[in-house]
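Asker: Have a look at this one.
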Amino acid sequence: MEEIGMDPSAANPGPIDHSVLYDQDKHVSSAVWDGQERGALRCHEHTSKLGEWRLTPKQIELVEKAGFGYLRKIPAISLDNPLISALVERWRRETNTFHFTVGEMTVTLQDVAFLLGLAIDGMPVIGITYTTCGTVCEKYLGKAPDSTYASGGMVKLSWLKEFFSQCPENATIEEIERHTRAYLLYLVGSTIFSTTTGNKVPVMYLPLFENFENAGRYAWGAAALAFLYRALGNASVRSQSTICGCLTLLQCWSYYHLNIGRPKLNRDPIHEHFPFVLRWKGKQSGPTTNRDVVFYRKALDSLEPCDVEWLPYKYMDSTVIPEEIRNSLVLGRSKTMLICFDKAERHLPNRVLRQYGMLQPIPEDVPQWVRKSRGVDGGVDLSGKMESELNEWADRALHIVDGDDDADENEYMVWYLRITRKVVGRPISLSSEFQRTIGGVREISYLAETFPLKGLLPEQFESISRIRSIAQECLRDQVGGTVVVSPIVGTELGKRTRGKERVRRKGTGKRRRSNDPMEGHGASEDESQYCGMVEVDQLHPHHTNDEVDHLPLCTTVLEGEAALLLDTPNKVDDMQLHDATDGIDASHFCDPCNEADNSNMLNSIGESDLQTAKTVEEVIPQSFELPDATNGNTDLEIHNETNKPEDSQGCNATNGINGPQTLVATDVNKAQIHGATDKVSESQPSDAVHSDQQMVKEEVEVVPQLSHENTEDLAQQGDNSVIA
């Protein structure tokens, strides 16, 4: 067997050391490796109608005071679901980082500050949970949604937009504040805190907007990152199919850091705008067709260091960055706990120091922690349930990570390649790998069968016998029957049923009548090929004295071998169709002829046809051997050679009573057929079939070449069917 050079990751994608990625079995990459594709994730971000809100100058002032002045400016950006889905396949919730081929990377607090303009320093976003909307909406918005707009502690975004998207010109201060709170709830619910419900937002954020100046003291950027981390972790589980959170942040982070899926701007910006997400707004160009999850997965599996921008903001115009953002950037390197109500996630910049312009040493272990689901009951103040997480956030300034100038990144990469999942997609498809494995087992079986046993010691003889037995057992399990050693690897063995198909009667384009005892099925190139071996013990022929109900149809195509069609002298009750093809370039048809009283035969049977029958008799011995299958049946049998148009050849068989089954060998020059007719010359031709007489008409012809378009597979339907 030819040795195939292969990346070691094709056999073991990792991790070799499970101390870091201890949840690998639950991860989506395990499912992908097992051939379980889930496709692109459904991405929930609801920014498309944000532009329909009409804010007054006073409302804009309140929004900016609450800390959302820059988030308000970010337009809806078209999401690339396949790209996001491929990134999720690389996300590991054990470390809250992406595991790429070049090392770990992640969305940091610094990225949130640059891309969204949200505060990454301040009070943690936490408060009281609610299971109903009425009371809290009445208090902060002046009205409560009815049951059609509310669900538990969540309210529909459409309700907020319908009643609060346009503030009256003569509105009082209280009305302006209520409309602004509704806008802020809509803004966070459609962007940084979007949920998988599709169109709802929890009302627990409303009390934080009671005082707009106080709302500006919260670390909304840290909360947005905690929410995104949790969403990425949930989506990376193999059973999930949706993702939420601020996906605009995730996608634009990828655009800045990875040269994969990055659109081309129609024009370079004259000057930078803040926040930096705005670089990707507006019309973009670049190829986007055929970029599915597999495309991006392969790109990430082959990611090179030159495809990574570790410091994408280094040459950005720093003068456009607000002073309060610049002053807090040092906290972007804080190893701390991010909090958004019941969601607490670790921020681990020590694992991605190259994103801060530092050398990356081997990071310290991440302690395992259980992500708890808190606040399921209404009226629960989460501050009392998350004391340790809140203390860690309070000490965030004490845990700023620094680089190590003596760090050895080569040592880091050696360590990293042992603990990571190197690739997500298989370098070789499962079907190709399966075929390669079966081919190897066949060759092992062949070598064991032909290995010279003379002079071997008893234990050596036992080893060879054991190898032979194991190989044959594997092959027996493969085909479900007796092992037939062959150098040709079969890909499929079985039969398929197809119904309601058109069939042309011989010599006409008409469709066969529904009361016809025989139906035909055409071969389709859309169907998969039947490849493999035909087992003799899978045929079930039976025989009675003077009656032939059915003939078994067995089509076998092997490349480089003769096809054998075997028949036993028994009455056939059921037709077994076994079709094996390998490298077929030809078509083979078996077209049914109708009974004489309801079909038009192109070649009438008369005395003039005796010469044709004799001619066929002379041709048959060169390619076929046709022993008797009728066991002395007195019904006449006629061999007639018929030409079919173009490149298809027909083998027609007719049974006036029970409907025949047709014997076909697709490689006629090499096929041998055992079991056919006797005394052809003794049968007498007749021009008509009488109602009290049963006739079997069998037409055999030599097929010099087959057509690939029509023998991709053969279909079988019922007991009385003919393959066409």
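Lettering and numbering for the structure tokens are positional, with chains as A, B, ... in the shown order, residues counted from 1 in each chain, and ligands counted from 1 in the shown order.
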Taking 4 positions as the minimum chain separation for residues in the same chain, which residues sit within 9 Å of His273 (chain A) when counting only C-alpha atoms? Answer as a list in words.
Answerer: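 Everything that qualifies: Pro269, Val277, Leu278, Arg279, Asp317, Val320 and Ile321 of chain A.
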Asker: Step one, run DSSP on the backbone; step two, keep only residues of region 350-432 of chain A assigned to alpha helix (DSSP H); then write them as a PyMOL selection string.
Answerer: chain A and resi 387-394+409-419+430-432
Asker: List the neighbours of region 95-100 of chain A out to 9 Å using only C-alpha atoms; skip same-chain residues closer than 2 positions along the sequence, and give me the result as a PyMOL selection string.
Answerer: chain A and resi 20-21+87-93+102-107+229-230+232-233+300-301+303+345-348+351-352+366+420-423
Asker: Take the residues from that selection and put them in a file with N, CA and C atoms, as an mmCIF file, in the first residue's frame.
Answerer:
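So result.cif came out as:
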data_model
loop_
_atom_site.group_PDB
_atom_site.id
_atom_site.type_symbol
_atom_site.label_atom_id
_atom_site.label_comp_id
_atom_site.auth_asym_id
_atom_site.auth_seq_id
_atom_site.Cartn_x
_atom_site.Cartn_y
_atom_site.Cartn_z
ATOM 1 N N VAL A 20 -5.410 21.795 30.233
ATOM 2 C CA VAL A 20 -5.995 23.119 29.989
ATOM 3 C C VAL A 20 -7.382 22.995 29.364
ATOM 4 N N LEU A 21 -7.477 22.288 28.250
ATOM 5 C CA LEU A 21 -8.764 22.133 27.559
ATOM 6 C C LEU A 21 -9.443 20.857 28.045
ATOM 7 N N LEU A 87 -15.089 31.369 14.013
ATOM 8 C CA LEU A 87 -14.379 31.879 15.186
ATOM 9 C C LEU A 87 -14.845 31.174 16.455
ATOM 10 N N VAL A 88 -16.138 30.920 16.549
ATOM 11 C CA VAL A 88 -16.682 30.230 17.727
ATOM 12 C C VAL A 88 -16.066 28.841 17.859
ATOM 13 N N GLU A 89 -15.810 28.170 16.736
ATOM 14 C CA GLU A 89 -15.190 26.843 16.782
ATOM 15 C C GLU A 89 -13.790 26.883 17.378
ATOM 16 N N ARG A 90 -13.193 28.063 17.407
ATOM 17 C CA ARG A 90 -11.855 28.237 17.968
ATOM 18 C C ARG A 90 -11.888 28.790 19.396
ATOM 19 N N TRP A 91 -13.048 29.163 19.875
ATOM 20 C CA TRP A 91 -13.155 29.749 21.221
ATOM 21 C C TRP A 91 -13.154 28.652 22.273
ATOM 22 N N ARG A 92 -12.403 28.864 23.349
ATOM 23 C CA ARG A 92 -12.366 27.915 24.447
ATOM 24 C C ARG A 92 -12.787 28.614 25.733
ATOM 25 N N ARG A 93 -13.860 28.128 26.322
ATOM 26 C CA ARG A 93 -14.361 28.759 27.546
ATOM 27 C C ARG A 93 -13.508 28.396 28.756
ATOM 28 N N VAL A 102 -1.364 30.004 15.764
ATOM 29 C CA VAL A 102 -0.225 30.841 16.150
ATOM 30 C C VAL A 102 -0.175 31.092 17.642
ATOM 31 N N GLY A 103 -1.169 30.625 18.375
ATOM 32 C CA GLY A 103 -1.243 30.864 19.807
ATOM 33 C C GLY A 103 -2.616 31.377 20.201
ATOM 34 N N GLU A 104 -2.730 31.769 21.453
ATOM 35 C CA GLU A 104 -4.008 32.258 21.958
ATOM 36 C C GLU A 104 -4.183 33.742 21.659
ATOM 37 N N MET A 105 -5.434 34.115 21.384
ATOM 38 C CA MET A 105 -5.820 35.513 21.206
ATOM 39 C C MET A 105 -7.211 35.673 21.807
ATOM 40 N N THR A 106 -7.583 36.914 22.109
ATOM 41 C CA THR A 106 -8.917 37.137 22.656
ATOM 42 C C THR A 106 -9.341 38.584 22.452
ATOM 43 N N VAL A 107 -10.611 38.831 22.690
ATOM 44 C CA VAL A 107 -11.136 40.198 22.720
ATOM 45 C C VAL A 107 -10.891 40.722 24.128
ATOM 46 N N TYR A 229 -18.250 37.026 26.290
ATOM 47 C CA TYR A 229 -17.532 35.819 26.697
ATOM 48 C C TYR A 229 -18.506 34.681 26.995
ATOM 49 N N ARG A 230 -19.544 34.986 27.748
ATOM 50 C CA ARG A 230 -20.509 33.939 28.092
ATOM 51 C C ARG A 230 -21.223 33.429 26.840
ATOM 52 N N LEU A 232 -20.047 33.416 23.749
ATOM 53 C CA LEU A 232 -19.095 32.611 22.977
ATOM 54 C C LEU A 232 -18.925 31.232 23.610
ATOM 55 N N GLY A 233 -18.834 31.185 24.936
ATOM 56 C CA GLY A 233 -18.697 29.905 25.614
ATOM 57 C C GLY A 233 -19.891 29.005 25.397
ATOM 58 N N LEU A 300 -8.648 29.360 9.035
ATOM 59 C CA LEU A 300 -8.144 29.432 10.405
ATOM 60 C C LEU A 300 -7.250 28.249 10.735
ATOM 61 N N ASP A 301 -7.545 27.082 10.160
ATOM 62 C CA ASP A 301 -6.694 25.909 10.392
ATOM 63 C C ASP A 301 -5.301 26.094 9.790
ATOM 64 N N LEU A 303 -3.855 29.209 9.461
ATOM 65 C CA LEU A 303 -3.469 30.584 9.790
ATOM 66 C C LEU A 303 -1.957 30.679 10.002
ATOM 67 N N GLU A 345 -17.188 36.399 34.220
ATOM 68 C CA GLU A 345 -16.227 35.760 33.330
ATOM 69 C C GLU A 345 -14.823 36.312 33.583
ATOM 70 N N ARG A 346 -13.831 35.436 33.453
ATOM 71 C CA ARG A 346 -12.445 35.826 33.702
ATOM 72 C C ARG A 346 -11.849 36.539 32.488
ATOM 73 N N HIS A 347 -11.155 37.640 32.791
ATOM 74 C CA HIS A 347 -10.384 38.371 31.790
ATOM 75 C C HIS A 347 -8.920 38.018 32.020
ATOM 76 N N LEU A 348 -8.274 37.339 31.033
ATOM 77 C CA LEU A 348 -6.945 36.765 31.213
ATOM 78 C C LEU A 348 -5.961 37.321 30.181
ATOM 79 N N ARG A 351 -2.486 35.624 29.002
ATOM 80 C CA ARG A 351 -2.409 34.566 27.992
ATOM 81 C C ARG A 351 -2.251 35.141 26.580
ATOM 82 N N VAL A 352 -2.411 36.450 26.421
ATOM 83 C CA VAL A 352 -2.357 37.073 25.080
ATOM 84 C C VAL A 352 -1.464 38.313 25.119
ATOM 85 N N VAL A 366 -5.090 28.109 34.635
ATOM 86 C CA VAL A 366 -6.350 28.787 34.927
ATOM 87 C C VAL A 366 -7.151 27.903 35.877
ATOM 88 N N THR A 420 -3.252 22.510 23.055
ATOM 89 C CA THR A 420 -4.298 23.113 22.237
ATOM 90 C C THR A 420 -4.917 22.113 21.266
ATOM 91 N N ARG A 421 -5.994 22.538 20.660
ATOM 92 C CA ARG A 421 -6.613 21.813 19.544
ATOM 93 C C ARG A 421 -6.044 22.433 18.276
ATOM 94 N N LYS A 422 -5.179 21.704 17.599
ATOM 95 C CA LYS A 422 -4.425 22.309 16.492
ATOM 96 C C LYS A 422 -5.297 22.624 15.285
ATOM 97 N N VAL A 423 -6.168 21.693 14.918
ATOM 98 C CA VAL A 423 -7.052 21.924 13.781
ATOM 99 C C VAL A 423 -8.471 21.556 14.184
#
Asker: In Å to one decimal, how far is CA of Leu109 (chain A) from CA of Thr319 (chain A)?
Answerer: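 For CA of Thr319 (chain A) relative to CA of Leu109 (chain A), the distance reads 19.7 Å.
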Asker: Would you kindly return, as a compact mmCIF listing (two decimals) with all heavy atoms, in the first residue's frame, each protein, DNA or RNA residue with an atom no farther than 12 Å from any atom of Ala235 (chain A), considering only C-alpha atoms and excluding same-chain residues fewer than 4 positions away?
Answerer:
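Written file, out-v3.txt:
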# COMPACT_ATOMS: atom_id res chain seq x y z
N LYS A 26 -17.02 18.13 25.03
CA LYS A 26 -18.25 18.91 24.87
C LYS A 26 -18.14 19.98 23.79
O LYS A 26 -19.14 20.60 23.43
CB LYS A 26 -18.61 19.58 26.20
CG LYS A 26 -18.82 18.62 27.36
CD LYS A 26 -19.09 19.39 28.65
CE LYS A 26 -19.22 18.45 29.83
NZ LYS A 26 -19.42 19.19 31.11
N HIS A 27 -16.92 20.19 23.31
CA HIS A 27 -16.68 21.30 22.39
C HIS A 27 -17.14 20.96 20.98
O HIS A 27 -17.13 19.80 20.56
CB HIS A 27 -15.20 21.66 22.39
CG HIS A 27 -14.89 22.99 21.79
ND1 HIS A 27 -14.46 23.15 20.50
CD2 HIS A 27 -14.97 24.24 22.31
CE1 HIS A 27 -14.26 24.43 20.24
NE2 HIS A 27 -14.57 25.13 21.32
N VAL A 28 -17.53 22.00 20.25
CA VAL A 28 -18.02 21.80 18.89
C VAL A 28 -16.95 21.22 17.97
O VAL A 28 -17.28 20.51 17.01
CB VAL A 28 -18.54 23.14 18.31
CG1 VAL A 28 -17.43 24.17 18.22
CG2 VAL A 28 -19.19 22.95 16.96
N SER A 29 -15.68 21.45 18.26
CA SER A 29 -14.62 20.92 17.40
C SER A 29 -14.62 19.40 17.41
O SER A 29 -14.25 18.77 16.42
CB SER A 29 -13.26 21.46 17.83
OG SER A 29 -12.97 21.10 19.18
N ARG A 38 -22.78 21.46 12.03
CA ARG A 38 -23.98 22.16 12.46
C ARG A 38 -24.28 23.39 11.61
O ARG A 38 -25.29 24.06 11.81
CB ARG A 38 -23.86 22.56 13.93
CG ARG A 38 -22.80 23.62 14.22
CD ARG A 38 -22.79 23.98 15.69
NE ARG A 38 -21.81 25.02 15.99
CZ ARG A 38 -21.57 25.49 17.21
NH1 ARG A 38 -22.22 24.99 18.24
NH2 ARG A 38 -20.67 26.44 17.41
N ALA A 40 -23.77 27.23 9.84
CA ALA A 40 -23.57 28.56 10.41
C ALA A 40 -24.53 28.79 11.56
O ALA A 40 -25.70 28.39 11.52
CB ALA A 40 -23.74 29.63 9.34
N LEU A 41 -24.04 29.46 12.58
CA LEU A 41 -24.88 29.79 13.74
C LEU A 41 -25.88 30.88 13.37
O LEU A 41 -25.64 31.71 12.49
CB LEU A 41 -24.00 30.29 14.89
CG LEU A 41 -23.03 29.27 15.51
CD1 LEU A 41 -22.05 30.00 16.43
CD2 LEU A 41 -23.78 28.21 16.28
N ARG A 42 -27.02 30.85 14.05
CA ARG A 42 -27.97 31.96 13.95
C ARG A 42 -27.47 33.08 14.86
O ARG A 42 -27.37 32.92 16.07
CB ARG A 42 -29.37 31.52 14.35
CG ARG A 42 -29.98 30.50 13.41
CD ARG A 42 -31.49 30.39 13.63
NE ARG A 42 -31.83 30.06 15.00
CZ ARG A 42 -31.87 28.82 15.50
NH1 ARG A 42 -31.58 27.79 14.72
NH2 ARG A 42 -32.20 28.60 16.75
N CYS A 43 -27.16 34.22 14.26
CA CYS A 43 -26.58 35.34 15.00
C CYS A 43 -27.67 36.33 15.39
O CYS A 43 -28.38 36.85 14.52
CB CYS A 43 -25.51 36.02 14.16
SG CYS A 43 -24.13 34.93 13.74
N HIS A 44 -27.79 36.57 16.69
CA HIS A 44 -28.85 37.45 17.20
C HIS A 44 -28.26 38.80 17.59
O HIS A 44 -27.62 38.94 18.63
CB HIS A 44 -29.55 36.82 18.40
CG HIS A 44 -30.33 35.59 18.06
ND1 HIS A 44 -31.61 35.63 17.56
CD2 HIS A 44 -30.01 34.29 18.14
CE1 HIS A 44 -32.04 34.41 17.36
NE2 HIS A 44 -31.08 33.57 17.69
N ILE A 84 -18.24 34.32 11.89
CA ILE A 84 -18.48 34.27 13.33
C ILE A 84 -18.55 32.82 13.80
O ILE A 84 -18.00 32.46 14.86
CB ILE A 84 -19.77 35.03 13.68
CG1 ILE A 84 -19.58 36.53 13.44
CG2 ILE A 84 -20.21 34.76 15.11
CD1 ILE A 84 -20.84 37.36 13.57
N SER A 85 -19.19 31.98 13.03
CA SER A 85 -19.32 30.56 13.40
C SER A 85 -17.95 29.88 13.44
O SER A 85 -17.68 29.06 14.32
CB SER A 85 -20.24 29.85 12.41
OG SER A 85 -21.51 30.45 12.36
N ALA A 86 -17.09 30.20 12.48
CA ALA A 86 -15.75 29.61 12.46
C ALA A 86 -14.91 30.11 13.64
O ALA A 86 -14.11 29.35 14.21
CB ALA A 86 -15.05 29.93 11.14
N LEU A 87 -15.09 31.37 14.01
CA LEU A 87 -14.38 31.88 15.19
C LEU A 87 -14.85 31.17 16.45
O LEU A 87 -14.03 30.86 17.34
CB LEU A 87 -14.60 33.39 15.31
CG LEU A 87 -13.91 34.27 14.27
CD1 LEU A 87 -14.38 35.71 14.39
CD2 LEU A 87 -12.39 34.20 14.42
N VAL A 88 -16.14 30.92 16.55
CA VAL A 88 -16.68 30.23 17.73
C VAL A 88 -16.07 28.84 17.86
O VAL A 88 -15.82 28.36 18.98
CB VAL A 88 -18.21 30.14 17.63
CG1 VAL A 88 -18.78 29.20 18.69
CG2 VAL A 88 -18.83 31.53 17.79
N GLU A 89 -15.81 28.17 16.74
CA GLU A 89 -15.19 26.84 16.78
C GLU A 89 -13.79 26.88 17.38
O GLU A 89 -13.27 25.85 17.80
CB GLU A 89 -15.13 26.25 15.37
CG GLU A 89 -16.49 25.92 14.79
CD GLU A 89 -16.41 25.39 13.37
OE1 GLU A 89 -15.31 25.47 12.76
OE2 GLU A 89 -17.43 24.91 12.85
N ARG A 90 -13.19 28.06 17.41
CA ARG A 90 -11.86 28.24 17.97
C ARG A 90 -11.89 28.79 19.40
O ARG A 90 -10.84 28.90 20.04
CB ARG A 90 -11.04 29.18 17.08
CG ARG A 90 -10.61 28.56 15.76
CD ARG A 90 -9.48 27.62 16.00
NE ARG A 90 -8.97 27.00 14.78
CZ ARG A 90 -7.89 26.23 14.76
NH1 ARG A 90 -7.22 26.00 15.87
NH2 ARG A 90 -7.49 25.67 13.64
N TRP A 91 -13.05 29.16 19.87
CA TRP A 91 -13.15 29.75 21.22
C TRP A 91 -13.15 28.65 22.27
O TRP A 91 -13.82 27.63 22.13
CB TRP A 91 -14.43 30.58 21.34
CG TRP A 91 -14.60 31.20 22.69
CD1 TRP A 91 -15.35 30.74 23.73
CD2 TRP A 91 -14.00 32.42 23.14
NE1 TRP A 91 -15.26 31.58 24.80
CE2 TRP A 91 -14.43 32.63 24.47
CE3 TRP A 91 -13.14 33.34 22.57
CZ2 TRP A 91 -14.04 33.73 25.23
CZ3 TRP A 91 -12.74 34.44 23.32
CH2 TRP A 91 -13.19 34.63 24.62
N ARG A 92 -12.40 28.86 23.35
CA ARG A 92 -12.37 27.91 24.45
C ARG A 92 -12.79 28.61 25.73
O ARG A 92 -12.14 29.57 26.17
CB ARG A 92 -10.96 27.33 24.61
CG ARG A 92 -10.42 26.69 23.35
CD ARG A 92 -11.36 25.67 22.75
NE ARG A 92 -11.68 24.61 23.66
CZ ARG A 92 -11.57 23.31 23.38
NH1 ARG A 92 -11.14 22.93 22.17
NH2 ARG A 92 -11.90 22.41 24.27
N ARG A 93 -13.86 28.13 26.32
CA ARG A 93 -14.36 28.76 27.55
C ARG A 93 -13.51 28.40 28.76
O ARG A 93 -13.66 29.02 29.82
CB ARG A 93 -15.81 28.36 27.79
CG ARG A 93 -16.08 26.88 27.92
CD ARG A 93 -17.56 26.65 28.15
NE ARG A 93 -17.86 25.24 28.35
CZ ARG A 93 -19.06 24.79 28.71
NH1 ARG A 93 -20.04 25.64 28.91
NH2 ARG A 93 -19.27 23.50 28.86
N THR A 196 -30.71 35.48 22.81
CA THR A 196 -31.10 34.51 21.79
C THR A 196 -32.61 34.43 21.63
O THR A 196 -33.09 33.68 20.77
CB THR A 196 -30.57 33.12 22.16
OG1 THR A 196 -31.03 32.77 23.47
CG2 THR A 196 -29.06 33.09 22.14
N LEU A 228 -20.36 38.89 26.16
CA LEU A 228 -19.86 38.26 24.93
C LEU A 228 -19.08 36.99 25.25
O LEU A 228 -19.24 35.97 24.56
CB LEU A 228 -18.97 39.24 24.17
CG LEU A 228 -18.37 38.71 22.86
CD1 LEU A 228 -19.47 38.33 21.87
CD2 LEU A 228 -17.42 39.73 22.24
N TYR A 229 -18.25 37.03 26.29
CA TYR A 229 -17.53 35.82 26.70
C TYR A 229 -18.51 34.68 26.99
O TYR A 229 -18.30 33.54 26.57
CB TYR A 229 -16.69 36.10 27.95
CG TYR A 229 -15.35 36.75 27.69
CD1 TYR A 229 -14.95 37.14 26.41
CD2 TYR A 229 -14.47 37.01 28.75
CE1 TYR A 229 -13.71 37.74 26.21
CE2 TYR A 229 -13.23 37.60 28.56
CZ TYR A 229 -12.86 37.98 27.28
OH TYR A 229 -11.64 38.57 27.08
N ARG A 230 -19.54 34.99 27.75
CA ARG A 230 -20.51 33.94 28.09
C ARG A 230 -21.22 33.43 26.84
O ARG A 230 -21.45 32.22 26.70
CB ARG A 230 -21.54 34.48 29.10
CG ARG A 230 -22.59 33.47 29.54
CD ARG A 230 -21.99 32.31 30.29
NE ARG A 230 -21.29 32.72 31.49
CZ ARG A 230 -21.86 32.82 32.69
NH1 ARG A 230 -23.16 32.54 32.83
NH2 ARG A 230 -21.16 33.18 33.75
N ALA A 231 -21.57 34.33 25.93
CA ALA A 231 -22.24 33.92 24.70
C ALA A 231 -21.33 33.05 23.84
O ALA A 231 -21.77 32.05 23.25
CB ALA A 231 -22.68 35.16 23.91
N SER A 239 -23.81 21.25 21.15
CA SER A 239 -25.27 21.14 21.00
C SER A 239 -25.94 22.45 20.65
O SER A 239 -27.14 22.48 20.40
CB SER A 239 -25.88 20.58 22.29
OG SER A 239 -25.61 21.45 23.39
N GLN A 240 -25.20 23.56 20.62
CA GLN A 240 -25.79 24.87 20.41
C GLN A 240 -25.82 25.25 18.93
O GLN A 240 -24.98 24.82 18.15
CB GLN A 240 -25.03 25.94 21.20
CG GLN A 240 -25.04 25.71 22.69
CD GLN A 240 -26.44 25.69 23.26
OE1 GLN A 240 -27.23 26.62 23.06
NE2 GLN A 240 -26.77 24.62 23.97
N SER A 241 -26.79 26.10 18.58
CA SER A 241 -26.93 26.53 17.19
C SER A 241 -27.14 28.03 17.05
O SER A 241 -27.37 28.52 15.95
CB SER A 241 -28.10 25.80 16.51
OG SER A 241 -29.31 26.08 17.19
N THR A 242 -27.09 28.77 18.16
CA THR A 242 -27.30 30.22 18.12
C THR A 242 -26.20 30.91 18.92
O THR A 242 -25.52 30.30 19.75
CB THR A 242 -28.67 30.60 18.72
OG1 THR A 242 -28.71 30.18 20.10
CG2 THR A 242 -29.80 29.94 17.96
N ILE A 243 -26.07 32.20 18.67
CA ILE A 243 -25.13 33.02 19.43
C ILE A 243 -25.70 34.42 19.54
O ILE A 243 -26.40 34.91 18.63
CB ILE A 243 -23.73 33.05 18.78
CG1 ILE A 243 -22.75 33.80 19.68
CG2 ILE A 243 -23.78 33.64 17.38
CD1 ILE A 243 -21.31 33.75 19.21
N CYS A 244 -25.43 35.07 20.66
CA CYS A 244 -25.92 36.43 20.89
C CYS A 244 -24.76 37.28 21.40
O CYS A 244 -23.59 36.91 21.25
CB CYS A 244 -27.10 36.42 21.86
SG CYS A 244 -26.72 35.67 23.47
N GLY A 245 -25.07 38.41 22.01
CA GLY A 245 -24.03 39.32 22.47
C GLY A 245 -23.67 40.32 21.39
O GLY A 245 -24.31 40.41 20.34
Asker: List the neighbours of Arg466 (chain A) out to 12 Å using only C-alpha atoms; skip same-chain residues closer than 4 positions along the sequence, and give me the result as a ChimeraX atom specification.
Answerer: /A:444-445,448-449,459-462,470-473
Asker: From the set A:Leu116, A:Leu184, A:Ile464, A:Leu359, which residue has the shortest atom-to-atom contact distance to Ala215 (chain A), counting only C-alpha atoms?
Answerer: A:Leu184
Asker: Excluding Ala150 (chain A) and residues on its chain fewer than 4 positions from it, collect all residues at most 10 Å away from it, counting only C-alpha atoms, and give them as a ChimeraX atom specification.
Answerer: /A:132-134,144-146,154-157,159,200-203
Asker: Can you spit out the residues from that selection as a PDB file, in the first residue's frame, using N, CA and C atoms?
Answerer:
ATOM      1  N   THR A 132     -41.202  39.752  36.293  1.00  0.00           N
ATOM      2  CA  THR A 132     -42.347  40.403  35.650  1.00  0.00           C
ATOM      3  C   THR A 132     -41.925  41.797  35.203  1.00  0.00           C
ATOM      4  N   CYS A 133     -42.651  42.318  34.221  1.00  0.00           N
ATOM      5  CA  CYS A 133     -42.278  43.604  33.634  1.00  0.00           C
ATOM      6  C   CYS A 133     -43.139  44.771  34.123  1.00  0.00           C
ATOM      7  N   GLY A 134     -44.342  44.473  34.580  1.00  0.00           N
ATOM      8  CA  GLY A 134     -45.320  45.521  34.822  1.00  0.00           C
ATOM      9  C   GLY A 134     -44.849  46.596  35.775  1.00  0.00           C
ATOM     10  N   ALA A 144     -46.891  50.153  31.264  1.00  0.00           N
ATOM     11  CA  ALA A 144     -46.495  48.740  31.292  1.00  0.00           C
ATOM     12  C   ALA A 144     -46.990  48.047  30.035  1.00  0.00           C
ATOM     13  N   PRO A 145     -46.228  47.131  29.514  1.00  0.00           N
ATOM     14  CA  PRO A 145     -46.676  46.399  28.316  1.00  0.00           C
ATOM     15  C   PRO A 145     -47.745  45.381  28.682  1.00  0.00           C
ATOM     16  N   ASP A 146     -48.646  45.117  27.734  1.00  0.00           N
ATOM     17  CA  ASP A 146     -49.628  44.063  27.980  1.00  0.00           C
ATOM     18  C   ASP A 146     -48.981  42.702  27.766  1.00  0.00           C
ATOM     19  N   MET A 154     -38.889  39.981  30.686  1.00  0.00           N
ATOM     20  CA  MET A 154     -38.395  40.560  29.432  1.00  0.00           C
ATOM     21  C   MET A 154     -39.532  41.247  28.690  1.00  0.00           C
ATOM     22  N   VAL A 155     -39.164  42.281  27.962  1.00  0.00           N
ATOM     23  CA  VAL A 155     -40.128  43.023  27.169  1.00  0.00           C
ATOM     24  C   VAL A 155     -39.661  43.026  25.718  1.00  0.00           C
ATOM     25  N   LYS A 156     -40.612  43.029  24.793  1.00  0.00           N
ATOM     26  CA  LYS A 156     -40.262  43.024  23.381  1.00  0.00           C
ATOM     27  C   LYS A 156     -39.690  44.372  22.947  1.00  0.00           C
ATOM     28  N   LEU A 157     -38.658  44.290  22.100  1.00  0.00           N
ATOM     29  CA  LEU A 157     -38.070  45.509  21.555  1.00  0.00           C
ATOM     30  C   LEU A 157     -39.080  46.280  20.715  1.00  0.00           C
ATOM     31  N   TRP A 159     -42.156  46.709  21.270  1.00  0.00           N
ATOM     32  CA  TRP A 159     -43.031  47.533  22.128  1.00  0.00           C
ATOM     33  C   TRP A 159     -42.324  48.836  22.469  1.00  0.00           C
ATOM     34  N   LYS A 200     -36.320  40.336  22.446  1.00  0.00           N
ATOM     35  CA  LYS A 200     -36.673  40.740  23.814  1.00  0.00           C
ATOM     36  C   LYS A 200     -35.436  41.208  24.561  1.00  0.00           C
ATOM     37  N   VAL A 201     -35.660  42.019  25.593  1.00  0.00           N
ATOM     38  CA  VAL A 201     -34.589  42.518  26.432  1.00  0.00           C
ATOM     39  C   VAL A 201     -35.056  42.454  27.880  1.00  0.00           C
ATOM     40  N   PRO A 202     -34.199  42.021  28.796  1.00  0.00           N
ATOM     41  CA  PRO A 202     -34.584  42.006  30.213  1.00  0.00           C
ATOM     42  C   PRO A 202     -34.756  43.423  30.745  1.00  0.00           C
ATOM     43  N   VAL A 203     -35.762  43.603  31.575  1.00  0.00           N
ATOM     44  CA  VAL A 203     -36.034  44.937  32.135  1.00  0.00           C
ATOM     45  C   VAL A 203     -35.153  45.215  33.345  1.00  0.00           C
TER      46      VAL A 203
END
Asker: Using only C-alpha atoms, which residue out of A:Gln36, A:Asn259, A:His399, A:Trp415 lies closest to Asp17 (chain A)?
Answerer: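 Between A:Gln36, A:Asn259, A:His399, A:Trp415, the residue approaching Asp17 (chain A) most closely is A:Trp415.
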